[in-house]
Amino acid sequence: MEQQCIITEEELHQFIVRIVQKVGAKKHHAESFANLLVFADLRGHYSHGLSRLGYHLLDDTFGESDKNNEPEILKQTPATAHVKGNNCLGPVVGTFCMNLAIQKAKENGIGWVSVKGSNHFGTAGWYCLQAMKHGLVGMAFTNTHPCMVHTRSRERVLGTNPISVGAKGVNGDEFLLDMSTTTVSNGKVELQKRLNKTVPLGWGVDRDGMPSSDPDEILYHGGLSPLGGGEESSGYNGYGLSFMVELFCGILSGSRFGKNVRQWNDHGMANLGQCFVAIDPNAFAPGFEERLSELIHQCKNCGTAHGEEEILIPGDKGKAHTKLCAQLGGIPYLPAQVDHADSLAEKYGVEPMKRL
């Protein structure tokens, strides 16, 4: 097994803040951005953490975002809000919107916030976790640039369009779903490309709409498959979920949608649409947390399939990786991942991270 490099959470956070400030972001914006990337790697979602930093720095997220602006509320009711992101960094917009949804849920039982004019907001589960800290059910959705080749097509219209839902039970139980509506995220294909590896068949298709294991073909010519893969394995369900997210995000907010969303490396404002929801379970039947824990244990305590030792629920892998990081004293990375971060530090003239 390849030797791993250990980076403490604090060291990683400070490094990201240094480099994001160097490209012009305000400190509290840089900190919001760092929070997202650290959370991703802490939970084991490496495709959305440090390995993604170089793409963000090169992308218009930084090059053309408004680093001196703040999101604003265009209109609102007691339970809803329509927000204009003003082209701020995605995590800044997302944090503002989820905090607003949390406030409304505490006051009125539910908060539903739709935003236009945003940018890539990182790992959707982060925002649900903020609601969960207040005993609320959290949901977060975003549209993305077209990268899915949907059922019976060979063209890209919809994106990975992730869905996240999270809630707490009792005694530390929690459910935290964070999934793309494609078979995998773009970042996972990019990570395989960086490691000079092929990808499993089913992750994406080539320019003719046929299954491919070549990251370059998937990223630059074909596209990602919808969740489920081909039509014979119910890929149309992933296609339908992606469309639903686009309805909540692009259509509802008045942002760009479908083919109108610019590609990752194109110039101009991204104008992504996003949706953040917080729900107070106390507005409904009492005993929510207890019932959630009961369902969690019903699933986990089933007999295991042959060769399996443990049944997991959404969020378990992330919790286990967080526990591992605590045991190691930091987040484990492959040397190539940290070497890439060192090259970014040299390029932007900031102090590199210290390795344990």
# chains A, B, ... in the order shown; residues from 1 in each chain; ligands from 1
>>> residues_around(residues="stretch 130-133 of chain A", least_positions_apart="6", cutoff="10 Å", atoms="only C-alpha atoms", output="number ranges by chain")
A: 95, 98-99, 101-103, 105, 139, 165-169, 174-176, 276-280
>>> write_last_selection(atoms="N, CA, C and O atoms", output="CSV table (one decimal), in the first residue's frame")
chain,number,residue,atom,x,y,z
A,95,THR,N,-24.0,29.0,2.6
A,95,THR,CA,-24.1,29.2,4.0
A,95,THR,C,-25.2,30.2,4.4
A,95,THR,O,-25.9,30.1,5.3
A,98,MET,N,-28.7,28.6,3.8
A,98,MET,CA,-29.1,27.6,4.8
A,98,MET,C,-29.3,28.2,6.1
A,98,MET,O,-30.3,27.8,6.9
A,99,ASN,N,-28.5,29.2,6.5
A,99,ASN,CA,-28.8,29.9,7.8
A,99,ASN,C,-30.2,30.6,7.8
A,99,ASN,O,-30.9,30.6,8.8
A,101,ALA,N,-32.8,29.5,5.9
A,101,ALA,CA,-33.7,28.5,6.0
A,101,ALA,C,-33.9,28.0,7.4
A,101,ALA,O,-35.0,27.7,7.9
A,102,ILE,N,-32.8,27.8,8.2
A,102,ILE,CA,-32.8,27.4,9.6
A,102,ILE,C,-33.6,28.4,10.4
A,102,ILE,O,-34.5,28.0,11.2
A,103,GLN,N,-33.4,29.7,10.2
A,103,GLN,CA,-34.1,30.7,11.0
A,103,GLN,C,-35.6,30.6,10.7
A,103,GLN,O,-36.4,30.7,11.7
A,105,ALA,N,-37.3,28.0,9.7
A,105,ALA,CA,-37.8,26.7,10.2
A,105,ALA,C,-38.0,26.8,11.7
A,105,ALA,O,-39.0,26.3,12.2
A,139,MET,N,-32.2,19.8,3.8
A,139,MET,CA,-32.1,19.3,2.4
A,139,MET,C,-31.3,20.4,1.6
A,139,MET,O,-31.5,21.6,1.9
A,165,VAL,N,-30.0,15.0,2.0
A,165,VAL,CA,-31.0,15.1,3.0
A,165,VAL,C,-30.4,14.5,4.3
A,165,VAL,O,-29.7,13.5,4.3
A,166,GLY,N,-30.6,15.2,5.4
A,166,GLY,CA,-30.0,14.8,6.7
A,166,GLY,C,-30.9,15.0,7.8
A,166,GLY,O,-31.7,16.0,7.9
A,167,ALA,N,-30.8,14.1,8.8
A,167,ALA,CA,-31.6,14.3,10.1
A,167,ALA,C,-31.0,13.5,11.2
A,167,ALA,O,-30.3,12.5,10.9
A,168,LYS,N,-31.2,13.9,12.4
A,168,LYS,CA,-30.6,13.3,13.6
A,168,LYS,C,-31.7,12.4,14.3
A,168,LYS,O,-32.8,12.8,14.4
A,169,GLY,N,-31.2,11.2,14.8
A,169,GLY,CA,-32.0,10.4,15.7
A,169,GLY,C,-31.6,10.6,17.1
A,169,GLY,O,-31.2,11.7,17.5
A,174,GLU,N,-27.7,9.1,13.1
A,174,GLU,CA,-28.0,10.2,12.1
A,174,GLU,C,-28.1,9.5,10.7
A,174,GLU,O,-27.5,8.5,10.4
A,175,PHE,N,-28.9,10.2,9.9
A,175,PHE,CA,-29.0,9.8,8.5
A,175,PHE,C,-28.5,11.0,7.7
A,175,PHE,O,-29.0,12.1,7.9
A,176,LEU,N,-27.6,10.8,6.8
A,176,LEU,CA,-27.1,11.9,6.0
A,176,LEU,C,-26.8,11.4,4.6
A,176,LEU,O,-25.8,10.8,4.3
A,276,PHE,N,-32.3,25.3,-0.7
A,276,PHE,CA,-32.0,24.9,0.7
A,276,PHE,C,-33.2,24.8,1.5
A,276,PHE,O,-34.0,25.7,1.5
A,277,VAL,N,-33.4,23.7,2.2
A,277,VAL,CA,-34.6,23.5,3.0
A,277,VAL,C,-34.3,23.0,4.4
A,277,VAL,O,-33.4,22.2,4.6
A,278,ALA,N,-35.0,23.6,5.4
A,278,ALA,CA,-34.9,23.2,6.8
A,278,ALA,C,-36.3,22.9,7.3
A,278,ALA,O,-37.2,23.7,7.1
A,279,ILE,N,-36.5,21.8,8.0
A,279,ILE,CA,-37.8,21.5,8.5
A,279,ILE,C,-37.7,21.1,10.0
A,279,ILE,O,-36.8,20.4,10.4
A,280,ASP,N,-38.6,21.7,10.8
A,280,ASP,CA,-38.6,21.4,12.2
A,280,ASP,C,-39.5,20.2,12.4
A,280,ASP,O,-40.8,20.3,12.2
>>> closest_atom_pairs(of="stretch 86-124 of chain A", to="stretch 180-204 of chain A", cutoff="12 Å", atoms="only C-alpha atoms", output="CSV")
residue,atom,partner,partner_atom,distance
A:Gly122,CA,A:Gly187,CA,10.8
A:Thr123,CA,A:Ser180,CA,10.3
A:Ala124,CA,A:Ser180,CA,9.5
>>> write_last_selection(atoms="all heavy atoms", output="compact mmCIF listing (two decimals), in the first residue's frame")
# COMPACT_ATOMS: atom_id res chain seq x y z
N GLY A 122 -19.77 23.12 -3.41
CA GLY A 122 -19.06 22.07 -2.69
C GLY A 122 -19.96 20.89 -2.38
O GLY A 122 -20.85 20.53 -3.14
N THR A 123 -19.73 20.28 -1.21
CA THR A 123 -20.44 19.08 -0.80
C THR A 123 -21.80 19.44 -0.21
O THR A 123 -21.88 20.15 0.80
CB THR A 123 -19.62 18.31 0.24
OG1 THR A 123 -18.33 18.03 -0.31
CG2 THR A 123 -20.29 17.00 0.61
N ALA A 124 -22.87 18.93 -0.81
CA ALA A 124 -24.22 19.30 -0.39
C ALA A 124 -24.50 18.91 1.06
O ALA A 124 -25.23 19.59 1.78
CB ALA A 124 -25.25 18.65 -1.32
>>> closest_atom_pairs(of="stretch 52-119 of chain A", to="stretch 21-39 of chain A", cutoff="7 Å", atoms="only C-alpha atoms", output="CSV")
residue,atom,partner,partner_atom,distance
A:Lys67,CA,A:Ala25,CA,5.1
A:Asn68,CA,A:Lys26,CA,7.0
A:Pro91,CA,A:Phe33,CA,5.4
A:Val92,CA,A:His29,CA,5.9
>>> residues_around(residues="A:Tyr239", least_positions_apart="4", cutoff="9 Å", atoms="only C-alpha atoms", output="ChimeraX atom specification")
/A:148-151,158,181-182,225-228,235,243-244
>>> closest_residue(among="A:Ile331, A:Val261, A:Leu312, A:Cys302", to="A:Ala40", atoms="only C-alpha atoms")
A:Ile331
>>> atom_distance(atom1="atom CA of A:Val338", atom2="atom CA of A:Arg43")
17.5 Å
>>> residues_around(residues="A:Lys300", least_positions_apart="5", cutoff="12 Å", atoms="only C-alpha atoms", output="NGL selection string")
:A and (173 or 293-295 or 309-314 or 316)
>>> closest_residue(among="A:Pro352, A:Gly330, A:Gly125, A:Pro281", to="A:Gly315", atoms="only C-alpha atoms")
A:Gly125
>>> atom_distance(atom1="atom CA of A:Ile110", atom2="atom CA of A:Thr77")
11.2 Å
>>> atom_distance(atom1="atom CA of A:Asp206", atom2="atom CA of A:Glu155")
10.3 Å
>>> closest_residue(among="A:Ala79, A:Leu42, A:Leu50, A:Ile218", to="A:Asn108", atoms="only C-alpha atoms")
A:Ala79
>>> decode(residues="stretch 8-30 of chain A", atoms="N, CA and C atoms", output="short mmCIF file (atom, residue, chain, number, x, y, z; two decimals), in the first residue's frame")
data_model
loop_
_atom_site.label_atom_id
_atom_site.label_comp_id
_atom_site.auth_asym_id
_atom_site.auth_seq_id
_atom_site.Cartn_x
_atom_site.Cartn_y
_atom_site.Cartn_z
N THR A 8 -3.22 17.77 9.35
CA THR A 8 -4.22 18.08 10.37
C THR A 8 -5.33 18.93 9.77
N GLU A 9 -6.51 18.86 10.39
CA GLU A 9 -7.64 19.68 9.93
C GLU A 9 -7.28 21.16 9.95
N GLU A 10 -6.65 21.59 11.03
CA GLU A 10 -6.30 23.00 11.17
C GLU A 10 -5.31 23.44 10.09
N GLU A 11 -4.33 22.59 9.81
CA GLU A 11 -3.34 22.92 8.78
C GLU A 11 -3.99 23.02 7.41
N LEU A 12 -4.88 22.09 7.11
CA LEU A 12 -5.59 22.11 5.83
C LEU A 12 -6.45 23.35 5.72
N HIS A 13 -7.19 23.65 6.78
CA HIS A 13 -8.09 24.81 6.78
C HIS A 13 -7.29 26.09 6.56
N GLN A 14 -6.21 26.26 7.29
CA GLN A 14 -5.40 27.48 7.17
C GLN A 14 -4.78 27.61 5.78
N PHE A 15 -4.34 26.48 5.20
CA PHE A 15 -3.76 26.52 3.86
C PHE A 15 -4.79 26.98 2.83
N ILE A 16 -5.99 26.44 2.91
CA ILE A 16 -7.03 26.82 1.95
C ILE A 16 -7.39 28.29 2.11
N VAL A 17 -7.49 28.76 3.36
CA VAL A 17 -7.79 30.17 3.60
C VAL A 17 -6.69 31.04 3.01
N ARG A 18 -5.42 30.66 3.21
CA ARG A 18 -4.29 31.46 2.67
C ARG A 18 -4.39 31.59 1.16
N ILE A 19 -4.63 30.47 0.50
CA ILE A 19 -4.57 30.49 -0.96
C ILE A 19 -5.81 31.16 -1.56
N VAL A 20 -6.97 31.00 -0.89
CA VAL A 20 -8.18 31.63 -1.40
C VAL A 20 -8.14 33.14 -1.17
N GLN A 21 -7.58 33.55 -0.04
CA GLN A 21 -7.39 34.99 0.17
C GLN A 21 -6.40 35.57 -0.84
N LYS A 22 -5.40 34.77 -1.20
CA LYS A 22 -4.38 35.26 -2.15
C LYS A 22 -4.99 35.58 -3.51
N VAL A 23 -6.05 34.87 -3.88
CA VAL A 23 -6.70 35.16 -5.16
C VAL A 23 -7.79 36.20 -5.03
N GLY A 24 -7.91 36.82 -3.83
CA GLY A 24 -8.76 38.00 -3.71
C GLY A 24 -9.99 37.88 -2.85
N ALA A 25 -10.24 36.74 -2.23
CA ALA A 25 -11.45 36.60 -1.42
C ALA A 25 -11.29 37.24 -0.05
N LYS A 26 -12.41 37.74 0.48
CA LYS A 26 -12.41 38.24 1.86
C LYS A 26 -12.19 37.08 2.81
N LYS A 27 -11.69 37.39 4.02
CA LYS A 27 -11.31 36.31 4.93
C LYS A 27 -12.50 35.44 5.30
N HIS A 28 -13.66 36.04 5.62
CA HIS A 28 -14.78 35.18 6.02
C HIS A 28 -15.33 34.38 4.86
N HIS A 29 -15.14 34.88 3.62
CA HIS A 29 -15.50 34.09 2.45
C HIS A 29 -14.54 32.92 2.29
N ALA A 30 -13.25 33.20 2.47
CA ALA A 30 -12.24 32.15 2.37
C ALA A 30 -12.47 31.07 3.43
#
